[in-house]
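One file, my_file-v2.cif, carrying mmCIF, C-alpha atoms:
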```
data_upload
#
loop_
_atom_site.label_atom_id
_atom_site.label_comp_id
_atom_site.auth_asym_id
_atom_site.auth_seq_id
_atom_site.Cartn_x
_atom_site.Cartn_y
_atom_site.Cartn_z
CA MET A 1 0.00 0.00 0.00
CA PRO A 2 1.37 3.43 -0.88
CA HIS A 3 2.64 5.60 2.00
CA ILE A 4 0.31 8.45 1.00
CA LEU A 5 -3.31 8.53 -0.16
CA VAL A 6 -3.22 8.29 -3.98
CA ASP A 7 -5.71 7.11 -6.62
CA LYS A 8 -5.68 3.34 -6.16
CA ASP A 9 -6.77 2.78 -9.77
CA LEU A 10 -3.57 4.28 -11.14
CA PRO A 11 -0.42 2.11 -11.21
CA GLY A 12 3.10 3.09 -10.13
CA ILE A 13 4.34 6.59 -10.86
CA ARG A 14 1.07 7.48 -12.61
CA ALA A 15 -0.71 7.75 -9.25
CA LEU A 16 2.08 9.96 -7.89
CA LEU A 17 1.94 12.23 -10.93
CA ALA A 18 -1.82 12.59 -10.43
CA PHE A 19 -1.23 13.41 -6.74
CA SER A 20 1.15 16.24 -7.64
CA PRO A 21 0.34 17.81 -11.04
CA ARG A 22 2.64 20.78 -10.42
CA THR A 23 5.70 18.50 -10.51
CA ALA A 24 4.16 15.96 -12.93
CA GLU A 25 4.25 18.44 -15.78
CA PRO A 26 8.03 19.08 -15.85
CA MET A 27 8.76 15.40 -15.09
CA GLY A 28 6.64 14.30 -18.05
CA VAL A 29 8.23 16.67 -20.53
CA LEU A 30 11.69 15.80 -19.19
CA ALA A 31 11.03 12.08 -19.81
CA GLU A 32 9.75 12.88 -23.30
CA ALA A 33 12.77 15.05 -24.20
CA LEU A 34 15.27 12.59 -22.74
CA LEU A 35 13.86 9.24 -23.85
CA ARG A 36 11.94 9.84 -27.06
CA THR A 37 14.37 11.80 -29.20
CA SER A 38 16.46 10.14 -31.91
CA ASN A 39 18.98 12.97 -31.77
CA GLY A 40 22.07 10.83 -31.08
CA LEU A 41 21.06 7.69 -29.21
CA ALA A 42 17.99 5.84 -30.46
CA PRO A 43 14.90 5.59 -28.24
CA ALA A 44 15.55 1.82 -27.85
CA GLU A 45 19.05 2.54 -26.49
CA ARG A 46 17.69 5.19 -24.14
CA GLU A 47 15.07 2.81 -22.75
CA LEU A 48 17.70 0.08 -22.30
CA ILE A 49 19.75 2.49 -20.17
CA ALA A 50 16.60 3.34 -18.17
CA THR A 51 15.81 -0.36 -17.69
CA TYR A 52 19.36 -1.24 -16.65
CA VAL A 53 19.52 1.53 -14.02
CA SER A 54 16.03 0.70 -12.69
CA HIS A 55 17.09 -2.94 -12.45
CA LEU A 56 20.21 -1.97 -10.46
CA ASN A 57 18.02 0.18 -8.19
CA GLN A 58 15.71 -2.82 -7.71
CA CYS A 59 12.69 -0.77 -8.73
CA PHE A 60 10.39 -3.47 -10.08
CA TYR A 61 7.78 -1.10 -11.51
CA CYS A 62 10.26 1.00 -13.53
CA ASP A 63 12.42 -2.01 -14.45
CA VAL A 64 9.50 -3.94 -16.00
CA SER A 65 7.81 -0.84 -17.47
CA HIS A 66 10.88 0.46 -19.30
CA GLY A 67 12.01 -3.03 -20.29
CA GLU A 68 8.65 -3.45 -22.03
CA ILE A 69 8.95 -0.05 -23.74
CA ALA A 70 12.44 -1.02 -24.95
CA ARG A 71 11.00 -4.29 -26.22
CA CYS A 72 8.39 -2.35 -28.24
CA TYR A 73 11.16 -0.42 -30.00
CA LEU A 74 13.23 -3.62 -30.45
CA LYS A 75 10.41 -5.32 -32.36
CA GLY A 76 9.67 -7.71 -29.49
CA ASP A 77 13.24 -8.79 -28.66
CA GLY A 78 12.79 -9.36 -24.93
CA GLU A 79 15.88 -11.57 -24.75
CA LEU A 80 18.13 -8.64 -25.52
CA VAL A 81 16.48 -6.64 -22.72
CA ASP A 82 17.11 -9.50 -20.29
CA GLU A 83 20.72 -9.79 -21.40
CA VAL A 84 21.26 -6.10 -20.65
CA ARG A 85 19.69 -6.55 -17.21
CA LYS A 86 22.11 -9.41 -16.44
CA GLY A 87 25.11 -7.27 -17.36
CA PRO A 88 25.94 -5.34 -20.52
CA ASP A 89 29.37 -6.99 -21.04
CA ALA A 90 27.90 -10.31 -22.20
CA ALA A 91 24.91 -8.78 -24.04
CA ALA A 92 24.64 -8.91 -27.83
CA ILE A 93 24.91 -5.13 -28.22
CA PRO A 94 27.44 -2.84 -29.94
CA GLU A 95 30.60 -1.89 -28.02
CA LYS A 96 29.49 1.76 -27.83
CA LEU A 97 26.30 0.88 -25.98
CA LYS A 98 28.28 -1.40 -23.63
CA THR A 99 30.59 1.47 -22.66
CA LEU A 100 27.61 3.77 -22.14
CA LEU A 101 25.82 1.22 -19.96
CA ASN A 102 29.04 0.92 -17.96
CA ILE A 103 28.90 4.69 -17.35
CA ALA A 104 25.20 4.46 -16.43
CA GLY A 105 26.02 1.75 -13.88
CA LYS A 106 28.64 4.01 -12.30
CA VAL A 107 26.19 6.92 -12.13
CA GLN A 108 23.70 4.63 -10.40
CA LYS A 109 26.23 4.17 -7.55
CA GLY A 110 27.10 7.86 -7.43
CA GLY A 111 28.25 10.58 -9.82
CA LYS A 112 31.87 10.47 -8.65
CA TYR A 113 32.24 6.81 -9.63
CA VAL A 114 32.45 7.80 -13.31
CA THR A 115 36.16 7.94 -14.22
CA ALA A 116 38.04 9.62 -17.07
CA GLU A 117 38.84 6.06 -18.27
CA ASP A 118 35.13 5.18 -18.48
CA VAL A 119 34.55 8.28 -20.59
CA SER A 120 37.61 7.65 -22.83
CA ALA A 121 36.46 4.07 -23.47
CA ALA A 122 33.06 5.37 -24.58
CA LYS A 123 34.64 8.00 -26.86
CA GLU A 124 36.95 5.39 -28.40
CA ALA A 125 33.91 3.25 -29.13
CA GLY A 126 32.38 6.18 -31.01
CA ALA A 127 30.26 7.92 -28.37
CA THR A 128 29.86 11.67 -28.80
CA ASP A 129 29.75 14.20 -25.96
CA ALA A 130 25.97 14.37 -26.44
CA ASP A 131 25.70 10.56 -26.11
CA ILE A 132 27.70 10.65 -22.88
CA HIS A 133 25.65 13.56 -21.58
CA ASP A 134 22.36 11.83 -22.33
CA THR A 135 23.55 8.56 -20.79
CA VAL A 136 24.55 10.27 -17.54
CA LEU A 137 21.30 12.24 -17.40
CA ILE A 138 19.11 9.20 -18.15
CA ALA A 139 20.90 7.22 -15.42
CA ALA A 140 20.59 10.15 -13.00
CA ALA A 141 16.92 10.70 -13.88
CA PHE A 142 16.10 7.07 -13.14
CA CYS A 143 17.85 7.38 -9.78
CA MET A 144 15.12 9.99 -9.22
CA PHE A 145 12.13 8.15 -10.76
CA ASN A 146 13.03 4.87 -9.00
CA ARG A 147 13.32 6.59 -5.62
CA TYR A 148 10.08 8.48 -6.15
CA VAL A 149 8.18 5.26 -6.94
CA ASP A 150 9.66 3.07 -4.20
CA GLY A 151 10.13 5.83 -1.61
CA LEU A 152 6.36 6.33 -1.58
CA ALA A 153 5.68 2.59 -2.05
CA ALA A 154 3.63 3.24 -5.19
CA ASN A 155 1.23 0.53 -6.40
CA THR A 156 3.14 -2.14 -8.30
CA PRO A 157 0.77 -4.23 -10.43
CA ALA A 158 1.47 -7.97 -10.27
CA ASP A 159 -0.26 -8.48 -13.63
CA LEU A 160 2.66 -8.50 -16.07
CA ALA A 161 0.38 -8.21 -19.11
CA SER A 162 -0.66 -4.74 -17.94
CA TYR A 163 2.94 -3.50 -18.33
CA GLU A 164 2.90 -4.50 -21.97
CA LYS A 165 -0.23 -2.45 -22.60
CA ARG A 166 1.11 0.64 -20.86
CA ALA A 167 4.39 0.23 -22.77
CA ALA A 168 2.54 0.16 -26.09
CA GLN A 169 0.72 3.34 -25.04
CA VAL A 170 4.00 5.14 -24.29
CA ALA A 171 5.73 3.81 -27.41
CA GLU A 172 2.87 5.16 -29.49
CA HIS A 173 1.93 8.41 -27.74
CA GLY A 174 4.98 9.25 -25.65
CA TYR A 175 5.30 10.52 -22.08
CA GLY A 176 3.35 13.40 -20.59
CA ASN A 177 0.25 14.19 -18.58
CA HIS A 178 -1.92 11.96 -20.78
CA ILE A 179 -0.53 8.83 -19.04
CA TYR A 180 -2.54 9.66 -15.94
CA THR A 181 -5.31 11.94 -17.24
CA THR A 182 -6.68 9.57 -19.92
CA PRO A 183 -8.20 6.10 -19.22
CA GLN A 184 -5.61 3.43 -18.46
CA PRO A 185 -5.04 0.98 -21.36
CA VAL A 186 -6.81 -2.35 -20.89
CA MET B 1 37.82 19.29 -16.03
CA ALA B 2 34.36 18.21 -17.15
CA HIS B 3 34.05 14.88 -19.00
CA ILE B 4 32.39 16.60 -21.99
CA GLN B 5 32.95 19.93 -23.70
CA VAL B 6 30.78 22.38 -21.79
CA PRO B 7 31.24 26.19 -21.67
CA THR B 8 34.38 26.89 -19.60
CA GLY B 9 34.21 28.84 -16.36
CA VAL B 10 30.48 28.18 -15.94
CA PRO B 11 29.84 26.27 -12.70
CA GLY B 12 27.91 23.08 -12.04
CA ILE B 13 24.56 22.29 -13.56
CA ARG B 14 24.43 25.60 -15.39
CA SER B 15 27.23 24.49 -17.73
CA LEU B 16 25.43 21.20 -18.43
CA VAL B 17 22.15 22.91 -19.16
CA MET B 18 23.90 25.27 -21.59
CA PHE B 19 25.35 22.19 -23.33
CA ARG B 20 21.93 20.56 -23.68
CA PRO B 21 19.13 23.12 -23.39
CA GLU B 22 16.51 20.64 -24.70
CA THR B 23 16.56 18.84 -21.36
CA GLY B 24 17.95 21.70 -19.29
CA GLU B 25 14.84 23.82 -19.49
CA HIS B 26 12.71 21.02 -18.01
CA LEU B 27 15.22 20.41 -15.23
CA TYR B 28 15.01 24.06 -14.21
CA ASN B 29 11.21 23.98 -14.41
CA LEU B 30 11.15 20.90 -12.19
CA ALA B 31 13.40 22.61 -9.61
CA GLN B 32 11.19 25.71 -9.73
CA ALA B 33 7.93 23.73 -9.29
CA LEU B 34 9.37 21.59 -6.51
CA LEU B 35 11.32 24.19 -4.55
CA ARG B 36 9.30 27.35 -5.25
CA GLY B 37 5.81 26.14 -6.17
CA VAL B 38 2.88 25.82 -3.75
CA SER B 39 3.81 23.47 -0.88
CA PRO B 40 3.06 23.23 2.84
CA LEU B 41 6.85 23.25 3.36
CA THR B 42 8.53 26.65 3.30
CA GLU B 43 11.06 27.45 0.59
CA ALA B 44 13.76 27.54 3.28
CA GLU B 45 12.81 24.04 4.48
CA ARG B 46 12.74 22.65 0.95
CA GLU B 47 16.18 24.09 0.17
CA LEU B 48 17.40 22.60 3.45
CA ILE B 49 16.22 19.11 2.42
CA ALA B 50 17.98 19.61 -0.94
CA ALA B 51 21.22 20.66 0.77
CA TYR B 52 20.98 17.78 3.28
CA VAL B 53 20.57 15.13 0.54
CA SER B 54 23.32 16.72 -1.57
CA GLY B 55 25.62 16.62 1.47
CA ARG B 56 24.91 12.92 1.95
CA ASN B 57 25.66 12.37 -1.75
CA GLU B 58 28.89 14.35 -1.26
CA CYS B 59 27.99 16.67 -4.11
CA MET B 60 29.88 19.79 -3.07
CA PHE B 61 28.38 22.04 -5.74
CA CYS B 62 24.72 21.26 -4.97
CA MET B 63 25.26 21.11 -1.22
CA SER B 64 27.02 24.49 -1.09
CA SER B 65 24.63 26.29 -3.42
CA HIS B 66 21.40 24.99 -1.88
CA ALA B 67 22.74 25.53 1.65
CA ALA B 68 23.46 29.13 0.64
CA ALA B 69 19.93 29.52 -0.75
CA SER B 70 18.46 28.03 2.43
CA ARG B 71 20.51 30.35 4.70
CA CYS B 72 19.28 33.28 2.68
CA LEU B 73 15.64 32.19 2.98
CA TYR B 74 15.91 31.38 6.72
CA GLY B 75 17.19 34.92 7.38
CA GLU B 76 17.82 35.37 11.13
CA GLU B 77 17.43 31.64 11.75
CA ARG B 78 20.11 30.79 9.21
CA ASN B 79 22.21 28.87 11.74
CA VAL B 80 19.89 25.88 11.51
CA VAL B 81 21.27 25.12 8.03
CA ASP B 82 24.75 24.37 9.31
CA GLU B 83 23.35 22.61 12.36
CA VAL B 84 21.43 20.22 10.07
CA LEU B 85 24.43 19.68 7.80
CA ASN B 86 26.59 18.85 10.84
CA ASP B 87 24.12 16.65 12.69
CA ALA B 88 20.43 16.73 11.76
CA ASP B 89 19.37 14.91 14.93
CA ARG B 90 20.75 17.65 17.17
CA ALA B 91 19.71 20.62 15.04
CA ASN B 92 17.40 23.27 16.48
CA ILE B 93 14.48 22.44 14.15
CA THR B 94 10.96 21.08 14.72
CA PRO B 95 10.52 17.33 15.31
CA LYS B 96 8.37 17.26 12.17
CA LEU B 97 11.17 18.62 9.97
CA LYS B 98 13.59 16.18 11.61
CA SER B 99 11.30 13.27 10.71
CA LEU B 100 11.05 14.52 7.10
CA LEU B 101 14.84 14.87 6.87
CA HIS B 102 15.09 11.32 8.17
CA ILE B 103 12.81 10.12 5.35
CA ALA B 104 14.88 12.14 2.84
CA GLY B 105 18.02 10.41 4.16
CA ARG B 106 16.42 7.02 3.57
CA VAL B 107 15.43 7.99 0.02
CA GLN B 108 19.01 9.13 -0.61
CA ILE B 109 20.12 5.52 0.06
CA LEU B 110 17.29 3.96 -1.99
CA GLY B 111 13.51 4.22 -2.25
CA LYS B 112 12.86 0.91 -0.54
CA GLU B 113 14.79 2.03 2.55
CA VAL B 114 11.79 4.14 3.63
CA THR B 115 9.90 2.05 6.20
CA GLN B 116 6.36 2.24 7.50
CA ASN B 117 7.91 3.27 10.85
CA ASP B 118 9.57 6.26 9.22
CA ILE B 119 6.21 7.32 7.78
CA ASP B 120 4.38 6.71 11.08
CA ASP B 121 6.96 8.79 12.95
CA ALA B 122 6.51 11.68 10.52
CA ARG B 123 2.74 11.49 10.83
CA SER B 124 2.89 11.44 14.62
CA GLU B 125 4.85 14.71 14.41
CA GLY B 126 2.07 16.15 12.26
CA ALA B 127 3.41 15.63 8.73
CA THR B 128 0.74 15.55 6.01
CA ASP B 129 0.67 13.48 2.81
CA GLU B 130 1.75 16.57 0.85
CA GLU B 131 4.74 17.13 3.12
CA ILE B 132 5.81 13.48 2.94
CA HIS B 133 5.39 13.56 -0.84
CA ASP B 134 7.50 16.68 -1.21
CA ALA B 135 10.24 15.40 1.12
CA VAL B 136 10.49 12.15 -0.88
CA LEU B 137 10.44 13.90 -4.25
CA ILE B 138 13.02 16.52 -3.25
CA ALA B 139 15.33 13.75 -2.01
CA ALA B 140 14.74 11.75 -5.20
CA THR B 141 15.28 14.78 -7.43
CA PHE B 142 18.55 15.67 -5.75
CA SER B 143 19.67 12.07 -6.15
CA MET B 144 19.36 12.95 -9.84
CA PHE B 145 20.87 16.47 -9.82
CA ASN B 146 23.85 15.35 -7.71
CA ARG B 147 24.63 12.48 -10.11
CA TYR B 148 24.21 14.72 -13.14
CA VAL B 149 26.60 17.34 -11.77
CA ASP B 150 29.27 14.90 -10.52
CA GLY B 151 28.77 12.20 -13.17
CA LEU B 152 29.92 14.70 -15.81
CA ALA B 153 32.53 16.23 -13.48
CA SER B 154 31.21 19.75 -13.96
CA PHE B 155 33.15 22.72 -12.60
CA THR B 156 32.79 23.09 -8.81
CA PRO B 157 34.04 26.45 -7.47
CA ASN B 158 35.99 26.30 -4.18
CA ASP B 159 35.33 29.89 -3.25
CA ALA B 160 32.64 30.27 -0.55
CA SER B 161 31.69 33.75 -1.76
CA ALA B 162 30.74 32.33 -5.18
CA TYR B 163 28.10 30.20 -3.48
CA GLU B 164 26.82 33.07 -1.40
CA ALA B 165 26.03 35.05 -4.55
CA MET B 166 24.51 31.93 -6.17
CA GLY B 167 22.36 31.28 -3.10
CA GLU B 168 21.02 34.83 -3.15
CA ARG B 169 20.14 34.53 -6.81
CA MET B 170 18.39 31.20 -6.23
CA ALA B 171 16.54 32.56 -3.19
CA TYR B 172 15.27 35.73 -4.84
CA ASN B 173 15.01 34.88 -8.54
CA GLY B 174 14.21 31.18 -8.36
CA TYR B 175 15.27 28.72 -11.04
CA VAL B 176 15.46 30.36 -14.44
CA SER B 177 17.24 28.43 -17.18
CA PRO B 178 20.24 30.22 -18.75
CA GLN B 179 18.46 30.41 -22.14
CA LYS B 180 15.53 32.32 -20.68
CA GLN B 181 17.83 34.86 -19.10
CA LEU B 182 19.34 35.81 -22.45
#
```
As structure tokens, what does this structure read like?
Amino acid sequence: MPHILVDKDLPGIRALLAFSPRTAEPMGVLAEALLRTSNGLAPAERELIATYVSHLNQCFYCDVSHGEIARCYLKGDGELVDEVRKGPDAAAIPEKLKTLLNIAGKVQKGGKYVTAEDVSAAKEAGATDADIHDTVLIAAAFCMFNRYVDGLAANTPADLASYEKRAAQVAEHGYGNHIYTTPQPV
Amino acid sequence: MAHIQVPTGVPGIRSLVMFRPETGEHLYNLAQALLRGVSPLTEAERELIAAYVSGRNECMFCMSSHAAASRCLYGEERNVVDEVLNDADRANITPKLKSLLHIAGRVQILGKEVTQNDIDDARSEGATDEEIHDAVLIAATFSMFNRYVDGLASFTPNDASAYEAMGERMAYNGYVSPQKQL
């Protein structure tokens, strides 16, 4: 049960956003700008970073939600998402994404864990400054979203099929206020 | 030196936001809504929670700047800021604010660290749902800002007077993204 009185019909962060519209607005547009652009990293890569960090933070709701959104962009390849969760080194992904996931994992522990060597390895693998920036900010943002969801013990649906439906909604229409103001996908 | 090529001489998050205004504007708007928007917590209290979490994350830039903003907003009671940063349990603040800082400290570790006991304690000191929500979200948000600032190794001034001026600007002007100021 959530620590505060929120709409029990809304899952996870959606109920928290509805509780606090004044902060929901900038959080929604931040997620949209950070995760849905193809300027540099592809949306699938961005969602894989979000999933990996949420997995490390043991935030079940965000881990499953963003893993499903990544799977939408990856044409249903859930195995790749699971490989990334287990550890990017052994995953069937390009070297550049591995080095970026390594940086994201460091950010998850704390900003100062990122070393000049981590950044050089990413640049050598072809990452631009913008790629590195976006990776650090996605990882940092999920250290926020994960803490928001679990810190208030938000509702975490046990029905895994519901995550797929919400993921399809986000993959199609993006992030923003509509995820809590319009009827939940069924 | 920062890990990526940001404008030189510009401190902390400001340099990162100038590098990537597409996301920067929303980050500033979030800070403004959370720390200056309508809340049962005062602006001074909210800045204090931000400084406290940043201190625990050892983010010198965010800790120093938000502590400076909080001192400014507390005015004559400004000493409580350093008391909290030194030892929140012994600071001369209300039991309610102590219980909210305790929750913020749990969130700084990880969301799941917040226990029902922590929430019950805050409620018994009179904390409302809105206050608990804001304490958790401020702590969560600074777990982001701190990682953003240090994860990219942005420029952190050592000069205390630089933070004093920054704190005054934050206290009186709020959070305005660099683009909007141009």
### Task
Kindly provide, as a ChimeraX atom specification, the residues of chain A having any atom no farther than 9 Å from an atom of chain B, counting all atoms listed in the file.
/A:3-5,16,19-20,22-27,29-31,33-34,57-59,103,106-116,119-120,128-130,132-134,136-137,139-153
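From atom CA of B:Tyr175 back to atom CA of B:Val80, the distance works out to 23.2 Å.
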#### Entry: Residues near B:Arg71, cut-off 12 Å, all atoms listed in the file, skip fewer than 5 positions along chain, as a list in words
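Here the qualifying residues turn out to be Glu43, Ala44, Glu45, Arg46, Glu47, Leu48, Ala51, Met63, Ser64, Ser65, His66, Glu76, Glu77, Arg78, Asn79, Val80, Val81, Asp82, Glu83, Val84, Leu85, Tyr163, Glu164, Ala165, Met166, Gly167, Glu168, Met170 and Ala171 of chain B.
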### Query
Which value, in Å to one decimal, gives the distance between atom CA of B:Asp121 and atom CA of B:Gly55?
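So the answer is 23.3 Å.
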### Query
What is the distance, in Å and to one decimal place, between atom CA of B:Ile93 and atom CA of B:Leu73?
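So the two atoms, atom CA of B:Ile93 and atom CA of B:Leu73, lie 14.9 Å apart.
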### Query
Which neighbours of stretch 67-77 of chain A fall inside 7 Å, counting only C-alpha atoms, when residues of the same chain fewer than 5 positions from it are skipped, and could you give them as JSON, numbers by chain?
{"A": [44, 47, 48, 51, 163, 164, 167, 168, 171]}
### Message
Given the PyMOL selection byres ((chain A and resi 85-101) around 6) and the file above, list the residues it selects as an NGL selection string.
### Response
:A and (52 or 82-84 or 102-104 or 122 or 125)
